[in-house]
Structure formats: structure tokens, C-alpha cells
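Q: File follows, run_22.cif with mmCIF, C-alpha atoms (C1' of nucleotides):
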```cif
data_query
#
loop_
_atom_site.label_atom_id
_atom_site.label_comp_id
_atom_site.auth_asym_id
_atom_site.auth_seq_id
_atom_site.Cartn_x
_atom_site.Cartn_y
_atom_site.Cartn_z
CA MET P 1 -24.85 27.13 74.40
CA ASN P 2 -21.10 26.87 74.56
CA ASN P 3 -19.96 23.28 74.72
CA GLN P 4 -17.11 24.25 72.39
CA GLU P 5 -14.28 23.53 74.79
CA LYS P 6 -10.89 24.38 73.41
CA LEU P 7 -8.63 21.50 72.46
CA GLU P 8 -5.60 23.08 74.10
CA ASP P 9 -7.40 23.03 77.43
CA ILE P 10 -7.92 19.30 77.31
CA LEU P 11 -5.30 17.50 79.32
CA PHE P 12 -5.40 14.34 77.26
CA TYR P 13 -4.88 16.35 74.12
CA SER P 14 -1.64 17.71 75.58
CA LEU P 15 -0.73 14.22 76.67
CA GLU P 16 -1.17 12.82 73.16
CA ARG P 17 0.69 15.72 71.68
CA SER P 18 3.69 15.29 73.96
CA ILE P 19 4.02 11.55 73.61
CA LYS P 20 3.68 11.81 69.84
CA SER P 21 6.29 14.49 69.54
CA TYR P 22 8.62 12.43 71.70
CA ARG P 23 8.06 9.29 69.66
CA GLN P 24 8.65 11.14 66.41
CA PHE P 25 11.76 12.79 67.74
CA ALA P 26 13.15 9.53 69.13
CA GLN P 27 12.38 7.60 65.94
CA GLN P 28 14.04 10.30 63.83
CA GLN P 29 17.16 10.03 65.98
CA LEU P 30 17.25 6.27 65.37
CA ILE P 31 16.94 6.81 61.64
CA LYS P 32 19.59 9.51 61.70
CA HIS P 33 22.00 7.05 63.33
CA HIS P 34 21.11 4.42 60.73
CA PHE P 35 19.55 1.94 63.14
CA ASP P 36 17.23 -0.38 61.29
CA ILE P 37 14.62 -0.98 63.98
CA THR P 38 11.70 1.00 65.37
CA ILE P 39 11.24 2.19 68.93
CA ASP P 40 8.71 -0.59 69.49
CA GLN P 41 11.05 -3.22 68.13
CA TRP P 42 13.76 -1.87 70.43
CA LEU P 43 11.42 -2.14 73.40
CA LEU P 44 10.64 -5.74 72.56
CA LEU P 45 14.31 -6.68 72.20
CA LYS P 46 15.06 -5.03 75.51
CA THR P 47 12.25 -6.93 77.23
CA ILE P 48 13.47 -10.26 75.94
CA ARG P 49 16.97 -9.51 77.09
CA ASP P 50 15.71 -8.53 80.53
CA ASN P 51 13.70 -11.70 80.87
CA PRO P 52 14.13 -14.37 78.20
CA GLU P 53 11.75 -16.80 79.89
CA GLN P 54 8.61 -14.77 79.29
CA THR P 55 5.84 -16.07 77.06
CA GLN P 56 4.79 -13.72 74.27
CA GLN P 57 1.69 -12.95 76.25
CA GLN P 58 3.77 -11.91 79.23
CA ILE P 59 5.89 -9.77 76.94
CA ALA P 60 2.73 -8.15 75.65
CA GLN P 61 1.67 -7.29 79.18
CA THR P 62 5.12 -6.00 80.07
CA ILE P 63 5.41 -3.63 77.15
CA PHE P 64 1.72 -2.85 77.20
CA LYS P 65 0.93 -4.14 73.75
CA ASP P 66 -1.61 -6.46 72.22
CA PHE P 67 -0.78 -10.17 71.82
CA ALA P 68 -1.28 -9.81 68.08
CA SER P 69 1.13 -6.91 67.90
CA VAL P 70 3.77 -8.87 69.75
CA THR P 71 3.40 -11.78 67.35
CA ARG P 72 3.95 -9.44 64.42
CA ILE P 73 6.84 -7.52 65.93
CA VAL P 74 8.58 -10.80 66.85
CA GLU P 75 8.02 -11.94 63.28
CA LEU P 76 9.80 -8.87 61.94
CA LEU P 77 12.68 -9.25 64.37
CA VAL P 78 13.12 -12.92 63.46
CA GLU P 79 13.25 -11.90 59.78
CA LYS P 80 15.87 -9.29 60.63
CA LYS P 81 17.78 -12.03 62.48
CA TYR P 82 17.77 -10.15 65.76
CA ILE P 83 15.73 -12.86 67.47
CA ILE P 84 16.27 -16.60 67.32
CA ARG P 85 12.98 -18.43 67.72
CA SER P 86 13.00 -22.09 68.64
CA GLN P 87 10.69 -24.69 70.17
CA HIS P 88 10.22 -24.40 73.88
CA PRO P 89 11.71 -27.50 75.55
CA THR P 90 8.68 -28.45 77.65
CA ASP P 91 5.66 -26.56 76.28
CA ARG P 92 5.05 -27.11 72.62
CA ARG P 93 2.60 -24.21 72.37
CA ARG P 94 5.36 -21.80 73.20
CA PHE P 95 8.53 -20.55 71.58
CA LYS P 96 11.90 -19.93 73.08
CA LEU P 97 12.99 -16.44 72.10
CA LYS P 98 16.64 -15.54 72.29
CA LEU P 99 18.49 -12.42 71.26
CA ALA P 100 21.03 -12.97 68.52
CA ASP P 101 24.52 -11.61 69.15
CA SER P 102 23.78 -8.91 66.60
CA ALA P 103 20.86 -7.78 68.73
CA GLU P 104 22.93 -7.66 71.90
CA LYS P 105 25.41 -5.54 70.05
CA LEU P 106 22.70 -3.35 68.58
CA LEU P 107 21.19 -2.70 72.00
CA SER P 108 24.59 -1.71 73.35
CA ILE P 109 25.33 0.81 70.66
CA MET P 110 21.79 2.15 70.75
CA GLN P 111 21.78 2.72 74.48
CA PRO P 112 23.66 6.06 74.45
CA ILE P 113 21.35 7.42 71.76
CA ILE P 114 18.26 6.33 73.68
CA GLU P 115 19.58 8.00 76.82
CA SER P 116 20.47 11.15 74.97
CA ASN P 117 16.95 11.25 73.49
CA ARG P 118 15.42 11.11 76.94
CA LYS P 119 17.78 13.75 78.19
CA THR P 120 16.88 16.10 75.36
CA ALA P 121 13.18 15.52 75.89
CA LEU P 122 13.43 16.29 79.61
CA LYS P 123 15.72 19.28 79.34
CA GLY P 124 14.85 22.02 81.81
CA ILE P 125 12.62 19.79 83.93
CA SER P 126 13.68 19.27 87.54
CA GLU P 127 13.98 15.93 89.35
CA GLN P 128 11.19 17.08 91.61
CA GLN P 129 8.90 17.88 88.66
CA ILE P 130 9.65 14.54 87.08
CA LEU P 131 8.75 12.67 90.25
CA GLN P 132 5.44 14.48 90.57
CA PHE P 133 4.79 13.99 86.88
CA GLN P 134 5.32 10.27 87.23
CA GLN P 135 2.98 10.17 90.23
CA VAL P 136 0.19 11.71 88.18
CA LEU P 137 0.88 9.28 85.34
CA ASN P 138 0.53 6.39 87.75
CA LEU P 139 -2.71 7.77 89.15
CA ILE P 140 -4.16 8.07 85.65
CA TYR P 141 -3.02 4.55 84.86
CA ASN P 142 -4.65 3.15 87.96
CA ASN P 143 -7.86 5.06 87.34
CA CYS P 144 -8.16 3.71 83.82
CA LYS P 145 -6.86 0.18 83.97
CA SER P 146 -9.59 -2.42 83.81
CA MET H 147 28.16 -4.07 83.29
CA ASN H 148 24.67 -3.12 84.23
CA ASN H 149 22.92 -1.27 81.46
CA GLN H 150 19.79 -3.24 82.32
CA GLU H 151 17.69 -0.28 83.39
CA LYS H 152 14.26 -1.24 84.62
CA LEU H 153 11.34 -0.40 82.37
CA GLU H 154 9.25 0.91 85.25
CA ASP H 155 11.89 3.54 85.91
CA ILE H 156 11.66 4.95 82.43
CA LEU H 157 9.44 7.97 82.36
CA PHE H 158 8.37 7.51 78.77
CA TYR H 159 7.34 3.96 79.52
CA SER H 160 4.95 5.26 82.20
CA LEU H 161 3.78 7.90 79.78
CA GLU H 162 2.93 5.33 77.10
CA ARG H 163 1.28 3.12 79.66
CA SER H 164 -0.96 5.87 80.98
CA ILE H 165 -2.06 7.25 77.65
CA LYS H 166 -2.78 3.75 76.36
CA SER H 167 -4.82 2.79 79.39
CA TYR H 168 -6.77 6.03 79.04
CA ARG H 169 -7.41 5.49 75.34
CA GLN H 170 -8.55 1.93 75.92
CA PHE H 171 -10.79 2.97 78.77
CA ALA H 172 -12.30 5.86 76.83
CA GLN H 173 -12.85 3.75 73.71
CA GLN H 174 -14.52 1.03 75.78
CA GLN H 175 -16.88 3.62 77.24
CA LEU H 176 -17.84 4.74 73.72
CA ILE H 177 -18.52 1.15 72.71
CA LYS H 178 -20.50 0.53 75.89
CA HIS H 179 -22.73 3.48 75.01
CA HIS H 180 -23.14 2.17 71.46
CA PHE H 181 -21.43 5.08 69.73
CA ASP H 182 -20.21 4.03 66.31
CA ILE H 183 -17.10 6.19 66.05
CA THR H 184 -13.60 6.00 67.48
CA ILE H 185 -11.90 8.54 69.71
CA ASP H 186 -9.89 9.77 66.75
CA GLN H 187 -12.98 10.15 64.59
CA TRP H 188 -14.60 12.08 67.43
CA LEU H 189 -11.60 14.39 67.62
CA LEU H 190 -11.77 15.08 63.92
CA LEU H 191 -15.50 15.84 64.00
CA LYS H 192 -14.93 18.18 66.91
CA THR H 193 -12.16 20.00 65.08
CA ILE H 194 -14.29 20.53 62.00
CA ARG H 195 -17.12 21.88 64.12
CA ASP H 196 -14.75 24.25 65.90
CA ASN H 197 -13.34 25.56 62.66
CA PRO H 198 -15.00 24.45 59.42
CA GLU H 199 -12.74 26.55 57.23
CA GLN H 200 -9.57 24.55 57.90
CA THR H 201 -7.84 22.65 55.12
CA GLN H 202 -7.25 18.98 55.84
CA GLN H 203 -3.62 19.81 56.39
CA GLN H 204 -4.52 22.37 59.01
CA ILE H 205 -6.79 19.81 60.64
CA ALA H 206 -3.90 17.37 60.69
CA GLN H 207 -1.73 19.92 62.47
CA THR H 208 -4.46 20.78 64.92
CA ILE H 209 -5.15 17.23 66.00
CA PHE H 210 -1.53 16.24 65.64
CA LYS H 211 -2.01 13.62 62.99
CA ASP H 212 -0.48 12.81 59.65
CA PHE H 213 -2.06 14.21 56.46
CA ALA H 214 -2.61 10.68 55.22
CA SER H 215 -4.40 9.70 58.40
CA VAL H 216 -6.72 12.69 58.13
CA THR H 217 -7.58 11.77 54.55
CA ARG H 218 -8.51 8.28 55.66
CA ILE H 219 -10.44 9.31 58.77
CA VAL H 220 -12.41 11.86 56.73
CA GLU H 221 -13.12 9.10 54.22
CA LEU H 222 -14.62 6.92 56.96
CA LEU H 223 -16.69 9.77 58.35
CA VAL H 224 -18.04 10.62 54.91
CA GLU H 225 -19.04 6.97 54.47
CA LYS H 226 -20.76 7.06 57.85
CA LYS H 227 -22.54 10.24 56.68
CA TYR H 228 -21.24 12.33 59.54
CA ILE H 229 -19.33 14.63 57.20
CA ILE H 230 -20.58 16.20 54.00
CA ARG H 231 -17.71 16.74 51.60
CA SER H 232 -18.16 19.16 48.70
CA GLN H 233 -16.04 21.21 46.33
CA HIS H 234 -14.47 24.28 47.82
CA PRO H 235 -15.96 27.38 46.14
CA THR H 236 -12.68 29.07 45.22
CA ASP H 237 -9.89 26.49 45.52
CA ARG H 238 -10.47 23.38 43.48
CA ARG H 239 -7.72 21.47 45.22
CA ARG H 240 -9.61 21.64 48.47
CA PHE H 241 -12.83 20.27 49.88
CA LYS H 242 -15.45 21.93 51.96
CA LEU H 243 -16.09 19.74 54.98
CA LYS H 244 -19.30 20.20 56.90
CA LEU H 245 -20.75 18.27 59.81
CA ALA H 246 -24.03 16.57 59.03
CA ASP H 247 -26.87 17.18 61.48
CA SER H 248 -26.41 13.62 62.67
CA ALA H 249 -22.84 14.47 63.63
CA GLU H 250 -23.87 17.60 65.53
CA LYS H 251 -26.33 15.50 67.41
CA LEU H 252 -23.80 12.75 68.02
CA LEU H 253 -21.27 15.22 69.42
CA SER H 254 -23.90 16.58 71.78
CA ILE H 255 -24.92 13.26 73.20
CA MET H 256 -21.30 12.10 73.41
CA GLN H 257 -20.11 15.14 75.31
CA PRO H 258 -21.28 14.02 78.79
CA ILE H 259 -19.64 10.62 78.31
CA ILE H 260 -16.38 12.21 77.19
CA GLU H 261 -16.41 14.50 80.20
CA SER H 262 -17.19 11.67 82.55
CA ASN H 263 -14.30 9.67 81.07
CA ARG H 264 -11.90 12.49 81.80
CA LYS H 265 -13.27 12.88 85.28
CA THR H 266 -12.81 9.18 86.02
CA ALA H 267 -9.28 9.22 84.64
CA LEU H 268 -8.31 12.21 86.77
CA LYS H 269 -9.99 11.10 89.98
CA GLY H 270 -7.95 11.93 93.07
CA ILE H 271 -5.67 14.36 91.24
CA SER H 272 -5.72 17.97 92.45
CA GLU H 273 -6.11 21.06 90.26
CA GLN H 274 -2.62 22.03 91.32
CA GLN H 275 -1.17 18.67 90.27
CA ILE H 276 -2.94 18.87 86.93
CA LEU H 277 -1.53 22.31 86.22
CA GLN H 278 2.01 21.19 86.99
CA PHE H 279 1.47 18.04 84.98
CA GLN H 280 0.38 20.07 81.98
CA GLN H 281 3.43 22.31 82.35
CA VAL H 282 5.75 19.32 82.14
CA LEU H 283 3.85 18.01 79.13
CA ASN H 284 4.34 21.32 77.38
CA LEU H 285 8.04 21.35 78.19
CA ILE H 286 8.44 17.87 76.73
CA TYR H 287 6.49 18.90 73.66
CA ASN H 288 8.66 21.95 73.11
CA ASN H 289 11.85 19.97 73.65
CA CYS H 290 10.86 17.40 71.06
CA LYS H 291 9.05 19.30 68.36
CA SER H 292 11.09 19.82 65.26
"C1'" DG T 293 1.47 33.42 29.27
"C1'" DC T 294 5.12 29.92 30.47
"C1'" DT T 295 8.03 27.81 33.65
"C1'" DA T 296 9.17 26.77 38.19
"C1'" DC T 297 7.60 26.28 42.57
"C1'" DT T 298 4.19 25.54 46.17
"C1'" DT T 299 0.10 23.79 48.14
"C1'" DT T 300 -3.69 20.34 48.74
"C1'" DA T 301 -5.03 15.96 48.76
"C1'" DT T 302 -4.68 11.05 47.60
"C1'" DT T 303 -2.53 6.53 47.32
"C1'" DG T 304 0.67 2.65 48.31
"C1'" DA T 305 3.66 0.29 51.42
"C1'" DT T 306 4.84 -1.00 55.92
"C1'" DA T 307 4.31 -0.87 61.15
"C1'" DT T 308 1.36 -0.99 64.94
"C1'" DA T 309 -3.45 -1.37 67.64
"C1'" DT T 310 -7.54 -3.82 68.49
"C1'" DC T 311 -11.02 -7.28 68.24
"C1'" DA T 312 -12.60 -11.76 66.99
"C1'" DA T 313 -11.96 -16.31 65.40
"C1'" DT T 314 -9.02 -20.27 65.06
"C1'" DT T 315 -5.46 -23.85 66.01
"C1'" DA T 316 -2.68 -26.50 68.84
"C1'" DT T 317 -1.39 -27.93 73.16
"C1'" DA T 318 -1.87 -28.30 78.30
"C1'" DT T 319 -4.46 -28.76 82.36
"C1'" DT T 320 -8.39 -29.76 85.15
"C1'" DT T 321 -12.18 -32.33 86.55
"C1'" DG T 322 -15.56 -35.70 86.87
"C1'" DC I 323 -8.95 -41.68 80.93
"C1'" DA I 324 -12.30 -38.52 78.38
"C1'" DA I 325 -14.49 -34.21 78.14
"C1'" DA I 326 -14.38 -29.60 79.29
"C1'" DT I 327 -11.65 -25.74 80.03
"C1'" DA I 328 -7.60 -22.89 79.81
"C1'" DT I 329 -3.47 -21.18 77.66
"C1'" DA I 330 -0.13 -19.81 73.76
"C1'" DA I 331 0.20 -18.16 69.56
"C1'" DT I 332 -1.45 -17.00 64.96
"C1'" DT I 333 -4.40 -14.93 61.49
"C1'" DG I 334 -7.86 -11.79 59.38
"C1'" DA I 335 -10.20 -7.49 59.32
"C1'" DT I 336 -10.25 -2.73 60.19
"C1'" DA I 337 -8.21 1.71 62.10
"C1'" DT I 338 -4.37 4.59 62.57
"C1'" DA I 339 0.84 6.25 61.86
"C1'" DT I 340 4.48 7.26 58.84
"C1'" DC I 341 7.04 7.88 54.69
"C1'" DA I 342 7.36 8.43 49.85
"C1'" DA I 343 5.48 9.16 45.41
"C1'" DT I 344 2.03 11.18 42.67
"C1'" DA I 345 -1.65 14.21 40.75
"C1'" DA I 346 -3.97 18.31 40.36
"C1'" DA I 347 -4.49 23.06 41.04
"C1'" DG I 348 -2.79 27.45 42.46
"C1'" DT I 349 0.94 31.22 42.55
"C1'" DA I 350 5.14 33.83 41.42
"C1'" DG I 351 8.64 35.49 38.49
"C1'" DC I 352 10.09 36.46 34.33
#
```
Could you render the structure from this file as C-alpha cells?
A:
Amino acid sequence: MNNQEKLEDILFYSLERSIKSYRQFAQQQLIKHHFDITIDQWLLLKTIRDNPEQTQQQIAQTIFKDFASVTRIVELLVEKKYIIRSQHPTDRRRFKLKLADSAEKLLSIMQPIIESNRKTALKGISEQQILQFQQVLNLIYNNCKS
Amino acid sequence: MNNQEKLEDILFYSLERSIKSYRQFAQQQLIKHHFDITIDQWLLLKTIRDNPEQTQQQIAQTIFKDFASVTRIVELLVEKKYIIRSQHPTDRRRFKLKLADSAEKLLSIMQPIIESNRKTALKGISEQQILQFQQVLNLIYNNCKS
DNA sequence: GCTACTTTATTGATATATCAATTATATTTG
DNA sequence: CAAATATAATTGATATATCAATAAAGTAGC
């Protein structure tokens, strides 16, 4: 009668634990350097810079978030004046989202910190291990996506 | 002037993507089988069953959640009558948390679904790959934990 | 036994996740 | 063209994450 599996043996428990510790660590680094945005807000800014023509729904797909979350994160970034939101020229349902200069600058000065965070998190892990790790991640993703 | 790294190349992007697709898949399976709790609520019930003597703070550490989140999840589970909360016999700051019979039963009937979810998510991934994967997860965790 | 400190839990505020419902606009189709 | 359908975004409700402040009870040192 032992269905009392141990948490530590559960792969997805380790997965949650690792991603959470990374997120906390990375967010703390941002705070320590006095950046006034969250990791998620950073990701959204980056996505808009990479491809300013996306609809919010496309952005949501790209950064793997809900439409509603994107709406709210955009809202916050418009308030913080990192995003300029204007009417889309041809489709009145949409908005044109553009990074403000302040956001371009912010992304630039954040970049070294972001890279250093990743480096710290992956310390002692070989290229080879990382490649295999990423393969497994992709397999899991493909097994679970709807 | 190319600091426009591609999202798909970022390991932690893949990590987020995989864990989110797994969580969504697993939660959908619970809904499909008409279970009325979330994955997180399940995890908390399981932890209490494994070790009923834990304080809420210890539970939080175990399942890698914030104290405040544990308070609120416990609240919901008490409302749903899956947890019986009573005064701790010797320490009046604490509560004694006990699974209701209904929760024991729920955990039992959920177990096969949970296991099948994991199996689906890990389909086509060898034991060997999983072990190495878990090693990398632990390295990341240790690199990031404070 | 009093004071300072620590521990346990709750609460409030804000950010994000998810689902469902709604609004406005565009597109398709008969 | 009008009606049906699809798309883009928002909003509301509930769950969870995080930080800070608070309250209550326990413990240690004097």
C-alpha cells in the first residue's frame, strides 16, 4: 500500500524547482541593479523590438503567455512609458506597439545583466549537457502541446 | 550591432515553454476527469499526507512556494473540505492540518491520472536521458538558490 | 518576570495565469 | 449587400507569486 512516491523523485517537481529558483534569482538581480521592470515585462519588450508588427495575440504565442496577460503587461509598460501604443493604420481592432527610446536604452543596459544571470545559472554545465537538456525540453514540449 | 539574440536559442525560454505546456496539459487532464482541484492544490494535499506534522512554512519550503501562497491554498482546501484545520495542541501559533477522508480518496483516484500525465509528457525519452536531465536541473537549482 | 528577539501565520498590494464573456472591427459567404 | 463568422483586444473572476507589514505566540537572556 505504498503510493507515497517521494516528491524529490518526481521529475516535474525538480523542473518547477529549478525554473522557480532561476526566476527568483534573475528577478533579484534586476532589482539589485535598480531596473524597474519584471522578467516578463523584459521579455515582452524584447519581443516587440524583435518584431514590431506582431499583433498582441502573436506576441502572446511567441512568449507563451495568455492573451489577457499580454494585454495587462502592455498596459503596465505603456504606463511606464516604455511602450508607445497607437492606432494601427489599416486595422482598427489592433494597436501599433513601438518601443520608446527609453526602452531601447533599458534593454541595452539590461542585456549584460541578463547574460550574466544565465551564465551564473549554467555554471559547471557543459555545452554537450546543455544541448541534450534542450532536446529533452523540446520533447516534453511536443508531447504536451495541444 | 546585433544583440538581437533569438528567443528559441535561449535555454530558459525553452524551459519556461516546456513547464508551461506540461502544466496546461496536466491541468486539462484533471478538468477532463472532473477533479475539482488544481495541480498546486493537489501538491499541497500530497505534502500534508506525506508529513502531517509540518508547519505551513515547512510546507511552503517543501513545495517551493511562498508562505502567503500556502496560506491561501490551505484556505481554499479547507473551504472545499479536503483539509481539516484545528488548533495545534502545544503551539497556539500553529494549526494542525489533516486530510479529510474525501481528500485521501481523491488522492487515490487521481494518482493513476497523474502518473499517466507524466508518462505522456515523457514519451520517447530514455531513462538515461531523464537521469541526465535531472542532473542538469539540480545543477541549475544549486547555482540559483540563495 | 520583563524585554528583546524569533517564529508562525495572516493580510494587503501588485503582477501574472487562466477561463469565460464581451466589444469592436474585419472577412466570408450566400 | 446582409448575415454569419472570425479576429483583436479588453474585462471580470479566481488562483497563484512575491513583497512588505502586521499580529500573535513562543523563547532567550538578563
Q: What are the closest atom pairs, with distances in Å to one decimal, for each residue of chain T lying within 7 Å of chain P, using only C-alpha atoms (C1' of nucleotides), rows by chain and rising residue number, as a Markdown table?
A:
```
| residue | atom | partner | partner_atom | distance |
| --- | --- | --- | --- | --- |
| T:DT308 | C1' | P:Ser69 | CA | 6.6 |
| T:DA316 | C1' | P:Arg93 | CA | 6.8 |
| T:DT317 | C1' | P:Arg93 | CA | 5.5 |
```
Q: As an exercise, work out the distance from CA of Thr71 in chain P to CA of Ser102 in chain P in Å and give it to one decimal place.
A: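 For CA of Thr71 in chain P relative to CA of Ser102 in chain P, the distance reads 20.6 Å.
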Q: Apply the PyMOL selection byres ((chain I) within 8 of (chain P)) to the displayed file and report the matching residues as a list in words.
A: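 Against this file, the PyMOL selection byres ((chain I) within 8 of (chain P)) returns the residues DA330, DA331 and DT332 of chain I.
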Q: Could you dump the residues just selected with C-alpha atoms (C1' of nucleotides) as an mmCIF file, keeping the file's coordinate frame?
A:
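Below is the file result_4.cif, written as the result:
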```cif
data_model
loop_
_atom_site.group_PDB
_atom_site.id
_atom_site.type_symbol
_atom_site.label_atom_id
_atom_site.label_comp_id
_atom_site.auth_asym_id
_atom_site.auth_seq_id
_atom_site.Cartn_x
_atom_site.Cartn_y
_atom_site.Cartn_z
ATOM 1 C "C1'" DA I 330 -0.130 -19.810 73.760
ATOM 2 C "C1'" DA I 331 0.200 -18.160 69.560
ATOM 3 C "C1'" DT I 332 -1.450 -17.000 64.960
#
```
Q: Do a neighbour search on Lys166 in chain H at 10 Å with only C-alpha atoms (C1' of nucleotides), toss out local chain neighbours closer than 5 positions, and write the hits as a PyMOL selection string.
A: (chain P and resi 16+64-65+141+144-145) or (chain H and resi 160-161+171-172)
Q: Give as a list in words every residue of chain P that touches chain H within 7 Å, counting only C-alpha atoms.
A: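 Contact residues on the first chain: Gln4, Leu11, Ser14, Leu15, Arg17, Ser18, Ser21, Tyr22, Phe25, Asp50, Phe64, Thr120, Ala121, Leu122, Lys123, Phe133, Gln134, Leu137, Asn138, Ile140, Tyr141, Asn143, Cys144 and Lys145 of chain P.
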Q: Mind fitting chain H to chain P by least squares on all Cα atoms in order and giving back the moved coordinates as a short mmCIF file (atom, residue, chain, number, x, y, z; two decimals) with C-alpha atoms, in the frame of the given file?
A:
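To be explicit, this is the file written out as selection.cif:
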```cif
data_model
loop_
_atom_site.label_atom_id
_atom_site.label_comp_id
_atom_site.auth_asym_id
_atom_site.auth_seq_id
_atom_site.Cartn_x
_atom_site.Cartn_y
_atom_site.Cartn_z
CA MET H 147 -24.84 27.03 74.43
CA ASN H 148 -21.12 26.80 74.62
CA ASN H 149 -19.93 23.23 74.71
CA GLN H 150 -17.10 24.27 72.39
CA GLU H 151 -14.28 23.54 74.80
CA LYS H 152 -10.88 24.40 73.42
CA LEU H 153 -8.63 21.52 72.48
CA GLU H 154 -5.59 23.10 74.11
CA ASP H 155 -7.40 23.03 77.44
CA ILE H 156 -7.92 19.30 77.31
CA LEU H 157 -5.30 17.52 79.31
CA PHE H 158 -5.41 14.36 77.25
CA TYR H 159 -4.88 16.37 74.11
CA SER H 160 -1.63 17.73 75.57
CA LEU H 161 -0.74 14.23 76.65
CA GLU H 162 -1.18 12.83 73.14
CA ARG H 163 0.70 15.74 71.68
CA SER H 164 3.69 15.29 73.95
CA ILE H 165 4.02 11.56 73.60
CA LYS H 166 3.68 11.81 69.83
CA SER H 167 6.29 14.52 69.53
CA TYR H 168 8.62 12.44 71.69
CA ARG H 169 8.06 9.30 69.65
CA GLN H 170 8.64 11.15 66.40
CA PHE H 171 11.76 12.79 67.74
CA ALA H 172 13.15 9.55 69.12
CA GLN H 173 12.38 7.61 65.94
CA GLN H 174 14.04 10.31 63.84
CA GLN H 175 17.16 10.04 65.99
CA LEU H 176 17.25 6.27 65.38
CA ILE H 177 16.94 6.81 61.64
CA LYS H 178 19.60 9.52 61.72
CA HIS H 179 21.99 7.05 63.34
CA HIS H 180 21.11 4.42 60.74
CA PHE H 181 19.54 1.94 63.15
CA ASP H 182 17.22 -0.39 61.30
CA ILE H 183 14.62 -0.99 64.00
CA THR H 184 11.71 1.00 65.37
CA ILE H 185 11.22 2.18 68.94
CA ASP H 186 8.71 -0.59 69.49
CA GLN H 187 11.06 -3.23 68.13
CA TRP H 188 13.75 -1.87 70.43
CA LEU H 189 11.41 -2.15 73.40
CA LEU H 190 10.64 -5.74 72.57
CA LEU H 191 14.31 -6.69 72.20
CA LYS H 192 15.04 -5.04 75.51
CA THR H 193 12.24 -6.93 77.23
CA ILE H 194 13.46 -10.27 75.93
CA ARG H 195 16.98 -9.51 77.10
CA ASP H 196 15.70 -8.53 80.54
CA ASN H 197 13.68 -11.70 80.89
CA PRO H 198 14.10 -14.38 78.22
CA GLU H 199 11.74 -16.80 79.90
CA GLN H 200 8.58 -14.76 79.30
CA THR H 201 5.81 -16.06 77.08
CA GLN H 202 4.78 -13.73 74.28
CA GLN H 203 1.68 -12.93 76.26
CA GLN H 204 3.75 -11.90 79.24
CA ILE H 205 5.89 -9.77 76.94
CA ALA H 206 2.73 -8.13 75.64
CA GLN H 207 1.68 -7.27 79.18
CA THR H 208 5.11 -5.99 80.07
CA ILE H 209 5.41 -3.62 77.15
CA PHE H 210 1.72 -2.84 77.18
CA LYS H 211 0.93 -4.13 73.74
CA ASP H 212 -1.62 -6.44 72.22
CA PHE H 213 -0.80 -10.15 71.80
CA ALA H 214 -1.29 -9.81 68.07
CA SER H 215 1.13 -6.91 67.88
CA VAL H 216 3.78 -8.88 69.75
CA THR H 217 3.39 -11.79 67.35
CA ARG H 218 3.94 -9.47 64.42
CA ILE H 219 6.84 -7.53 65.94
CA VAL H 220 8.57 -10.80 66.86
CA GLU H 221 8.01 -11.94 63.28
CA LEU H 222 9.81 -8.86 61.95
CA LEU H 223 12.68 -9.25 64.39
CA VAL H 224 13.11 -12.90 63.46
CA GLU H 225 13.25 -11.89 59.79
CA LYS H 226 15.86 -9.27 60.64
CA LYS H 227 17.78 -12.01 62.49
CA TYR H 228 17.77 -10.16 65.78
CA ILE H 229 15.72 -12.87 67.48
CA ILE H 230 16.27 -16.60 67.31
CA ARG H 231 12.98 -18.42 67.71
CA SER H 232 13.01 -22.11 68.63
CA GLN H 233 10.72 -24.70 70.16
CA HIS H 234 10.24 -24.43 73.87
CA PRO H 235 11.72 -27.54 75.55
CA THR H 236 8.69 -28.48 77.64
CA ASP H 237 5.68 -26.57 76.28
CA ARG H 238 5.06 -27.13 72.61
CA ARG H 239 2.63 -24.26 72.37
CA ARG H 240 5.37 -21.81 73.19
CA PHE H 241 8.55 -20.57 71.58
CA LYS H 242 11.92 -19.94 73.07
CA LEU H 243 12.98 -16.45 72.09
CA LYS H 244 16.64 -15.55 72.29
CA LEU H 245 18.48 -12.41 71.26
CA ALA H 246 21.03 -12.97 68.53
CA ASP H 247 24.51 -11.60 69.16
CA SER H 248 23.77 -8.91 66.60
CA ALA H 249 20.84 -7.78 68.74
CA GLU H 250 22.94 -7.65 71.91
CA LYS H 251 25.40 -5.54 70.06
CA LEU H 252 22.69 -3.34 68.59
CA LEU H 253 21.17 -2.71 72.02
CA SER H 254 24.58 -1.71 73.35
CA ILE H 255 25.33 0.80 70.66
CA MET H 256 21.77 2.16 70.76
CA GLN H 257 21.76 2.73 74.49
CA PRO H 258 23.66 6.07 74.47
CA ILE H 259 21.35 7.43 71.76
CA ILE H 260 18.26 6.35 73.68
CA GLU H 261 19.58 8.00 76.82
CA SER H 262 20.46 11.16 74.98
CA ASN H 263 16.95 11.26 73.50
CA ARG H 264 15.43 11.12 76.94
CA LYS H 265 17.79 13.76 78.20
CA THR H 266 16.89 16.11 75.35
CA ALA H 267 13.18 15.53 75.88
CA LEU H 268 13.43 16.28 79.59
CA LYS H 269 15.73 19.29 79.33
CA GLY H 270 14.86 22.03 81.81
CA ILE H 271 12.64 19.78 83.92
CA SER H 272 13.70 19.27 87.54
CA GLU H 273 14.00 15.92 89.33
CA GLN H 274 11.21 17.08 91.59
CA GLN H 275 8.92 17.88 88.65
CA ILE H 276 9.66 14.52 87.07
CA LEU H 277 8.77 12.66 90.24
CA GLN H 278 5.45 14.48 90.56
CA PHE H 279 4.80 13.98 86.87
CA GLN H 280 5.34 10.25 87.23
CA GLN H 281 2.99 10.17 90.22
CA VAL H 282 0.20 11.71 88.17
CA LEU H 283 0.88 9.27 85.34
CA ASN H 284 0.52 6.38 87.75
CA LEU H 285 -2.72 7.77 89.14
CA ILE H 286 -4.15 8.07 85.64
CA TYR H 287 -3.02 4.55 84.84
CA ASN H 288 -4.65 3.14 87.94
CA ASN H 289 -7.86 5.07 87.32
CA CYS H 290 -8.15 3.72 83.80
CA LYS H 291 -6.87 0.18 83.94
CA SER H 292 -9.59 -2.40 83.83
#
```
Q: Leaving out DG322 in chain T and any residue of its chain fewer than 3 positions from it, which residues lie within 12 Å of it when counting only C-alpha atoms (C1' of nucleotides), given as a ChimeraX atom specification?
A: /I:323-326
Q: Which is closer to DT298 in chain T than all the others in I:DA347, I:DC341, I:DA328, I:DA335, using all atoms listed in the file?
A: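 Smallest separation from DT298 in chain T among the options: I:DA347.
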Q: Using the chain letters and numbers from this file, what does the PyMOL selection byres ((chain I and resi 350) around 10) select? Give the answer as a list in words.
A: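 Taken over the shown coordinates, the PyMOL selection byres ((chain I and resi 350) around 10) returns DA296, DC297 and DT298 of chain T; DT349, DG351 and DC352 of chain I.
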Q: How many Å lie between CA of Val74 in chain P and C1' of DA342 in chain I, rounded to one decimal?
A: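 These two atoms are separated by 25.7 Å.
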Q: CA of Leu97 in chain P to CA of Trp42 in chain P: how many Å, to one decimal?
A: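 Answer for the CA of Leu97 in chain P to CA of Trp42 in chain P separation: 14.7 Å.
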Q: Could you pull out every residue with an atom within 12 Å of (21.6, 9.0, 64.0), file coordinates, counting only C-alpha atoms (C1' of nucleotides), and send them as a PyMOL selection string?
A: chain P and resi 25-36+109-110+112-114+116-117
